[in-house]
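I have placed the structure first, in the form of structure tokens, so that the comments after it can refer back to it.
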Amino acid sequence: MKNSIAFIVIGLAVVAVAVGGSLLTDSGMAWYATLQLPAFTPPGGVIGLVWTTIFLLSAVAVMLIWSARTAFPHFGSIIALLVINGVLNVLWSYVFFVAHQLGLAVAEMIVLNLTTLAIIILSWNRQRVAALLLLPYFAWVCFATYLAVVIWRMNGLG
């Protein structure tokens, strides 16, 4: 029963992060359309599909971590990192798409990458499947960070 409630909360938290980021992103799409973008920028449909997949994999990973919580000596630290990571994920959409602060968005993405990597490292020995499920998220945010750097340089925006 405890896992069932936790899994519902985890699912709702992941949906909240996804919806929050999506709403902020959507609010800035008119501005985004005015930016110069590199040729390797994925189409919006691909980005949406990737994020949907990442959120599904992340939800499963967090559920696996939760299920193995007694095996983690620093379980509270992992939970704190997961919460910080979710906040950073939504915050990035605000900084980039609403505030139009590309340099700050890049800096924020670096921290997002570091929290994701820390979660993967802390999970690796105790829940390897969860850590592996988070690798696509880490890879995508690394790519998105590079993309944001190029967009920032091409457009000369703060």
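Lettering and numbering for the structure tokens are positional, with chains as A, B, ... in the shown order, residues counted from 1 in each chain, and ligands counted from 1 in the shown order.
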Near-Pro38 in chain A list (8 Å; only C-alpha atoms; drop same-chain fewer than 4 positions) as a ChimeraX atom specification: /A:147,150-151
List every residue of chain A that DSSP, applied to the backbone of this structure, places in helix (DSSP H, G or I), and write the result as a PyMOL selection string. chain A and resi 2-27+29-32+44-67+69-71+75-98+102-124+128-155
For the interface of range 22-91 of chain A with range 125-146 of chain A (cut-off 8 Å, counting only C-alpha atoms), please tabulate each contacting residue of range 22-91 of chain A alongside its nearest pair of atoms and their separation in Å to one decimal, rows sorted by chain and increasing number, as CSV.
residue,atom,partner,partner_atom,distance
A:Ile54,CA,A:Tyr137,CA,5.6
A:Leu57,CA,A:Leu133,CA,5.6
A:Ser58,CA,A:Leu134,CA,6.0
A:Val60,CA,A:Ala130,CA,7.3
A:Ala61,CA,A:Ala130,CA,4.1
A:Val62,CA,A:Ala130,CA,7.0
A:Leu64,CA,A:Ala130,CA,6.0
A:Ile65,CA,A:Gln127,CA,6.4
A:Ala68,CA,A:Gln127,CA,7.0
A:Ala71,CA,A:Arg126,CA,6.4
A:Phe72,CA,A:Arg126,CA,6.6
Gap from CA of Met29 in chain A to CA of Met154 in chain A - Å, one decimal: 17.6 Å
Fewer than 3 positions away in the same chain doesn't count, so skip those; otherwise give me all residues within 8 Å of Trp92 in chain A, counting only C-alpha atoms, as a list in words.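 The residues that qualify are Gly21, Leu88, Asn89, Val95, Phe96, Ala105, Glu108 and Met109 of chain A.
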Compile the contact shell of Ile78 in chain A as a compact mmCIF listing (two decimals) with N, CA and C atoms, in the first residue's frame: residues with an atom at most 10 Å away, counting only C-alpha atoms, same-chain residues fewer than 5 positions apart removed.
# COMPACT_ATOMS: atom_id res chain seq x y z
N VAL A 62 12.57 6.72 -10.74
CA VAL A 62 12.31 7.20 -9.38
C VAL A 62 11.52 6.15 -8.60
N ILE A 65 14.01 3.60 -7.52
CA ILE A 65 14.82 4.14 -6.42
C ILE A 65 14.00 4.10 -5.12
N TRP A 66 12.75 4.52 -5.21
CA TRP A 66 11.89 4.50 -4.03
C TRP A 66 11.74 3.07 -3.49
N ARG A 69 14.67 2.02 -1.45
CA ARG A 69 15.11 3.09 -0.54
C ARG A 69 15.89 2.58 0.68
N PHE A 72 19.69 2.34 0.23
CA PHE A 72 20.48 3.56 0.03
C PHE A 72 20.86 4.18 1.37
N PRO A 73 22.16 4.29 1.65
CA PRO A 73 22.56 4.92 2.92
C PRO A 73 22.23 6.41 2.96
N VAL A 83 14.17 16.32 -6.22
CA VAL A 83 13.30 17.50 -6.11
C VAL A 83 13.97 18.72 -6.74
N ILE A 84 15.24 18.93 -6.42
CA ILE A 84 15.99 20.05 -7.00
C ILE A 84 16.03 19.92 -8.52
N THR A 115 23.08 17.77 -11.34
CA THR A 115 22.17 17.06 -10.44
C THR A 115 21.75 15.72 -11.03
N ALA A 118 24.67 13.39 -10.62
CA ALA A 118 24.79 12.99 -9.21
C ALA A 118 23.77 11.90 -8.86
N ILE A 119 22.54 12.04 -9.34
CA ILE A 119 21.51 11.02 -9.09
C ILE A 119 21.92 9.69 -9.71
N ILE A 120 22.44 9.74 -10.93
CA ILE A 120 22.89 8.52 -11.61
C ILE A 120 24.02 7.85 -10.80
N LEU A 122 24.82 8.24 -7.58
CA LEU A 122 24.35 7.76 -6.28
C LEU A 122 23.47 6.52 -6.39
N SER A 123 22.84 6.33 -7.54
CA SER A 123 21.96 5.18 -7.75
C SER A 123 22.68 3.98 -8.32
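You can rank A:Asn155, A:Tyr94, A:Val111, A:Gly48 by their closest distance to Thr34 in chain A using only C-alpha atoms, and at the top of that list sits A:Asn155.
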